[in-house]
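Engineer: Structure incoming, see below.
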Amino acid sequence: MPEAPDVPAPTAVSLRPPRHRVSRTAIRYWRVRAVSGWLVVVAAQIVWLALTDGHRGLHALAMAVTVLVALAHAIVMPQWRYNVHRWEVAPQAVYTRAGWLYQESRIAPISRIQTVDSERGPLEQLFGLADVTVTTASAAGPLSIEGLDRATAERLVDELTTAAQATRGDAT
Amino acid sequence: MTAADPGAWRRLDRRMLLIHPIQEIPRALPALLAAFVAGNGSGQGLIWSAAALAITLAFAFSRWFTTRYRLTEDRAEVSSGLFRRRVRAVSRDRIRTVDVTARAMHRLLGLARVEIGTGRSDREEGGGVRLDGLTAAEAATLREELLHRRPQAHAVPSDADADAQTPLDAPAEPPEIELARLDSAWVRYAPFTLSGVVSVGVVIGFAFNILNEAGFDLEDWGPARDLADSLGHAPVVLVAVALAALALVAVVIASTVGYALSFWDFRLTRHPGGTLHVSRGLITTRATTIEERRLHGAEISEPLLLRMVAGARLIAIATGLRVGRGAERGGSLLVPPAPRGEVQRVAAEVIGTAEPLTCPLVAHGPRARARRYTRALAGWALLAAALAIGHWAIGGPWWLPVLALVLLPIAPLLAADRYRNLGHAVSGGRLVAAGGSLIRRRSAVAAEGIIGWNVERSFFQRRAGLATLTATTAAGEQHYDVQDVEIGEALRVAEQLLPGLTEPFLERPS
């Protein structure tokens, strides 16, 4: 097939996954986070059940559905996420992939980095994990790496901030 | 607390221990009141509110204890948060602005708040790096330290931060080129902008309010009663049609008046200094100046009604100009609703080439087409099902689910139109992304305005081998999407626009 500029050439080019995985501990962290989220929903349903009289059958059905979905989510999601979540720092660019059902790969040039943030929520502190977020001048473009172990996160922040400094200018 | 060692962690000023609680208590007031009321029920209101107050104070104090900052040779770092630890690092070269503000309380204690601005466009809470509470002297020193020693302190003028919308007081030098001016015939597009719907609604609501406030009872008013009586005898359909016609006329008039008010004396001019200038308005006049080096492209947008009469409008894609909502589109509107040909001509003038706006688009293929149909139909079916279940469980109006079913044939029409409009191209070093149906858009973004790429793939998109390619930018909407494009083509487009960026991450089957 001729490669006219207007016709999409049927290529099989694809994005390879970024090199590094996040910490294995992240699997447990995601599971605990998912379960605690679902516990809130179940608790709300128990309160609802206790407070109202009619529609018992409907309530029981809703509860059963919630528990099933929660179980499936807590079992399937963490491992799936672990397989998807990856990151890589190349000489010119940062490359991340995240998500599970809905996956998103993001690429940003190192020369366009504005800030590098690391964040540890209460649950992440328990697991010794941290998130690293790289922001650019676009509100749509922050690259987040979730579930790194603390040492890696600190090293990464250091590496990226230094690399960003190496490019002069204000990067918009 | 002067820094002996420049790289050491420093704290905020101790006097912030006084200010933090005063800042925190008003914010926690609703919670404190709730604690008091809830506690009152059990007869222990005071204990509860005292406990809540203690927690609030503890939080307030913790802000001082947990916030630290430091400046090193190459970066500024701020670490904060009690339960959610957060470290934000900014390369010193990226620092654009340092704002020092002191409110009344701060000034009383001789303190100031320092906000370090970078080129980030999102100005939401936590967007910038903020140090609340340094002595005024420390703040001044810090500003010096941050902005001083910058290699290109003023060689690089700030970009997104500086206000791009500067009102023009004095007329600019005469040799300006007029790119467009309002043609009074354009007002025929006004009724198709629907801008009048809101105004008519507002006027009716306002009138009713006044009548209510004045204690005027419409039902007791003779003429209204007579009218209601005579209407009562007329067939319902006739009344409905008459009311609809009346509303339509009102909307048309309001839209036309609104168009005239907003776009009166509209002119788009190019000035030799490298700026575009938009001025318009009858009562409220508006003048917007856009630096052309910040203008990264333009978008032609055609809402369905306007498209039916071959009208369109032109919107600038520029950094520092956030895209507004509604008919006026903030300061980014370059051409108000006008004939499509005229809009295309002006767009070509503005971005310097006509090709991106008229070039044929690459279609996204049968799988993208199939997705348009499944999404439209599934969405509609889900809505109908939800309405039906709602009717069965809670007992909503019965005609809602029926209406949803009756209107089902609209879904495929919409899907067909969405597919027809969907496409992309790379033309003249610009990404051309097109799509939409209720509002059809075609945006052309220059490669130098594109910062990075997001490749989004839902479960179903992966199965279909498609992806949504998003160009992130500091201009306009911040992101411009090419929806449901074949993954290989998406990467080809990305590589073509920013050569070398995606290259190391590509995988070619050998």
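Labels used: A, B, ... for chains in the order of the structure tokens, numbers from 1 for residues in each chain, and numbers from 1 for ligands as shown.
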Contacts of stretch 368-379 of chain B at 12 Å or less, counting only C-alpha atoms, minus same-chain residues fewer than 4 places along, as an NGL selection string?
Structural biologist: :B and (363-364 or 383-386 or 404-405 or 407-423 or 435-437 or 458 or 460-468 or 482-487)
Engineer: Could you give me, as a PyMOL selection string, the residues within 6 Å of stretch 130-143 of chain B, counting only C-alpha atoms and dropping anything in the same chain fewer than 3 positions from it?
Structural biologist: chain B and resi 12-13+16+110-115+146
Engineer: Once you count only C-alpha atoms, what closest atom pair and distance in Å to one decimal does each residue of chain A within 7 Å of chain B have, with rows by chain and rising residue number, as a Markdown table?
Structural biologist:
```
| residue | atom | partner | partner_atom | distance |
| --- | --- | --- | --- | --- |
| A:Asp6 | CA | B:Val362 | CA | 5.9 |
| A:Val7 | CA | B:Val362 | CA | 6.5 |
| A:Pro8 | CA | B:Glu489 | CA | 6.0 |
| A:Thr11 | CA | B:Gly488 | CA | 5.5 |
| A:Ala12 | CA | B:Gly488 | CA | 5.9 |
| A:Val13 | CA | B:Arg508 | CA | 4.9 |
| A:Ser14 | CA | B:Glu507 | CA | 5.3 |
| A:Leu15 | CA | B:Leu506 | CA | 4.7 |
| A:Arg16 | CA | B:Glu507 | CA | 5.3 |
| A:Ala93 | CA | B:Leu501 | CA | 6.7 |
| A:Leu101 | CA | B:Phe459 | CA | 5.2 |
| A:Tyr102 | CA | B:Ser458 | CA | 4.1 |
| A:Gln103 | CA | B:Arg457 | CA | 5.2 |
| A:Glu104 | CA | B:Glu456 | CA | 4.3 |
| A:Ser105 | CA | B:Val455 | CA | 5.0 |
| A:Arg106 | CA | B:Asn454 | CA | 4.3 |
| A:Ile107 | CA | B:Trp453 | CA | 5.2 |
| A:Ala108 | CA | B:Gly452 | CA | 4.5 |
| A:Pro109 | CA | B:Gly452 | CA | 6.6 |
| A:Arg112 | CA | B:Ile451 | CA | 6.8 |
| A:Gln114 | CA | B:Arg94 | CA | 6.1 |
| A:Thr115 | CA | B:Val90 | CA | 4.6 |
| A:Val116 | CA | B:Ala89 | CA | 5.1 |
| A:Asp117 | CA | B:Arg88 | CA | 4.2 |
| A:Ser118 | CA | B:Val87 | CA | 5.1 |
| A:Glu119 | CA | B:Arg86 | CA | 4.2 |
| A:Arg120 | CA | B:Arg85 | CA | 4.9 |
| A:Gly121 | CA | B:Arg84 | CA | 4.1 |
| A:Pro122 | CA | B:Phe83 | CA | 5.1 |
| A:Thr136 | CA | B:Arg120 | CA | 6.2 |
| A:Ala137 | CA | B:Arg120 | CA | 4.0 |
| A:Ser138 | CA | B:Ala474 | CA | 4.2 |
| A:Ala139 | CA | B:Asp122 | CA | 5.2 |
| A:Ala140 | CA | B:Gln478 | CA | 5.7 |
| A:Gly141 | CA | B:Thr472 | CA | 5.7 |
| A:Thr161 | CA | B:Ser91 | CA | 5.8 |
| A:Ala164 | CA | B:Ser91 | CA | 6.5 |
| A:Gln165 | CA | B:Ser91 | CA | 5.3 |
| A:Arg168 | CA | B:Asp93 | CA | 6.5 |
| A:Gly169 | CA | B:Asp93 | CA | 6.5 |
| A:Asp170 | CA | B:Arg94 | CA | 4.9 |
| A:Thr172 | CA | B:Gly119 | CA | 6.3 |
```
Engineer: Identify, on the basis of only C-alpha atoms, every residue whose closest approach to A:Ser23 does not exceed 9 Å; exclude the query and any residue fewer than 4 positions from it along the same chain; express the result as a PDB file with N, CA and C atoms, in the first residue's frame.
Structural biologist:
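Result file is part.pdb:
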```
ATOM      1  N   ILE A  27       0.472  -3.526  45.523  1.00  0.00           N
ATOM      2  CA  ILE A  27      -0.667  -4.432  45.332  1.00  0.00           C
ATOM      3  C   ILE A  27      -1.497  -4.472  46.608  1.00  0.00           C
ATOM      4  N   TYR A  82      -1.014  -3.521  39.025  1.00  0.00           N
ATOM      5  CA  TYR A  82       0.423  -3.728  39.176  1.00  0.00           C
ATOM      6  C   TYR A  82       1.062  -4.059  37.828  1.00  0.00           C
ATOM      7  N   LEU A 129       5.055   3.682  51.102  1.00  0.00           N
ATOM      8  CA  LEU A 129       4.993   4.029  49.677  1.00  0.00           C
ATOM      9  C   LEU A 129       4.887   5.543  49.488  1.00  0.00           C
ATOM     10  N   GLY A 147       2.509   4.552  44.082  1.00  0.00           N
ATOM     11  CA  GLY A 147       2.958   3.313  44.714  1.00  0.00           C
ATOM     12  C   GLY A 147       4.428   2.979  44.539  1.00  0.00           C
ATOM     13  N   LEU A 148       5.281   4.006  44.552  1.00  0.00           N
ATOM     14  CA  LEU A 148       6.719   3.742  44.548  1.00  0.00           C
ATOM     15  C   LEU A 148       7.168   3.532  45.985  1.00  0.00           C
ATOM     16  N   ASP A 149       8.247   2.758  46.175  1.00  0.00           N
ATOM     17  CA  ASP A 149       8.742   2.718  47.550  1.00  0.00           C
ATOM     18  C   ASP A 149       9.480   4.022  47.817  1.00  0.00           C
TER      19      ASP A 149
END
```
Engineer: Neighbouring residues of A:Leu39 were defined as those with any atom within 12 Å, considering only C-alpha atoms; residues of the same chain fewer than 3 positions away were excluded. Please report them as a list in words.
Structural biologist: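 Selected residues are Val32, Arg33, Ala34, Val35, Ser36, Val42, Ala43, Ala44, Gln45, Ile46, Met63, Thr66, Val67, Ala70, Leu71 and Ala74 of chain A.
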Engineer: Please identify which residues in stretch 6-159 of chain A DSSP calls alpha helix (DSSP H) from the backbone, and express them as number ranges by chain.
Structural biologist: A: 25-51, 56-84, 122-127, 150-159
Engineer: Could you tell me how far atom CA of B:Ile55 lies from atom CA of A:Asp131, in Å and to one decimal?
Structural biologist: 27.6 Å
Engineer: Quick one: of B:Glu355, B:Glu302, B:Glu213, B:Asp183, who's nearest to B:Phe263, counting only C-alpha atoms?
Structural biologist: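 Going through B:Glu355, B:Glu302, B:Glu213, B:Asp183 one by one, the smallest distance to B:Phe263 is for B:Asp183.
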Engineer: Just to confirm, what's the straight-line distance from atom CA of B:Thr269 to atom CA of B:Glu349 in Å (one decimal)?
Structural biologist: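 For atom CA of B:Thr269 relative to atom CA of B:Glu349, the distance reads 10.5 Å.
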Engineer: Env of B:Phe192: 8 Å cut, atoms = only C-alpha atoms, seq-sep filter 3 positions within chain, self excluded. Answer as a PyMOL selection string.
Structural biologist: chain B and resi 189+305-306
Engineer: Save the residues we just selected, C-alpha atoms, as a short mmCIF file (atom, residue, chain, number, x, y, z; two decimals), in the first residue's frame?
Structural biologist:
```
data_model
loop_
_atom_site.label_atom_id
_atom_site.label_comp_id
_atom_site.auth_asym_id
_atom_site.auth_seq_id
_atom_site.Cartn_x
_atom_site.Cartn_y
_atom_site.Cartn_z
CA TYR B 189 -26.86 34.28 12.91
CA LEU B 305 -27.96 25.27 15.11
CA LEU B 306 -25.32 27.60 13.78
#
```
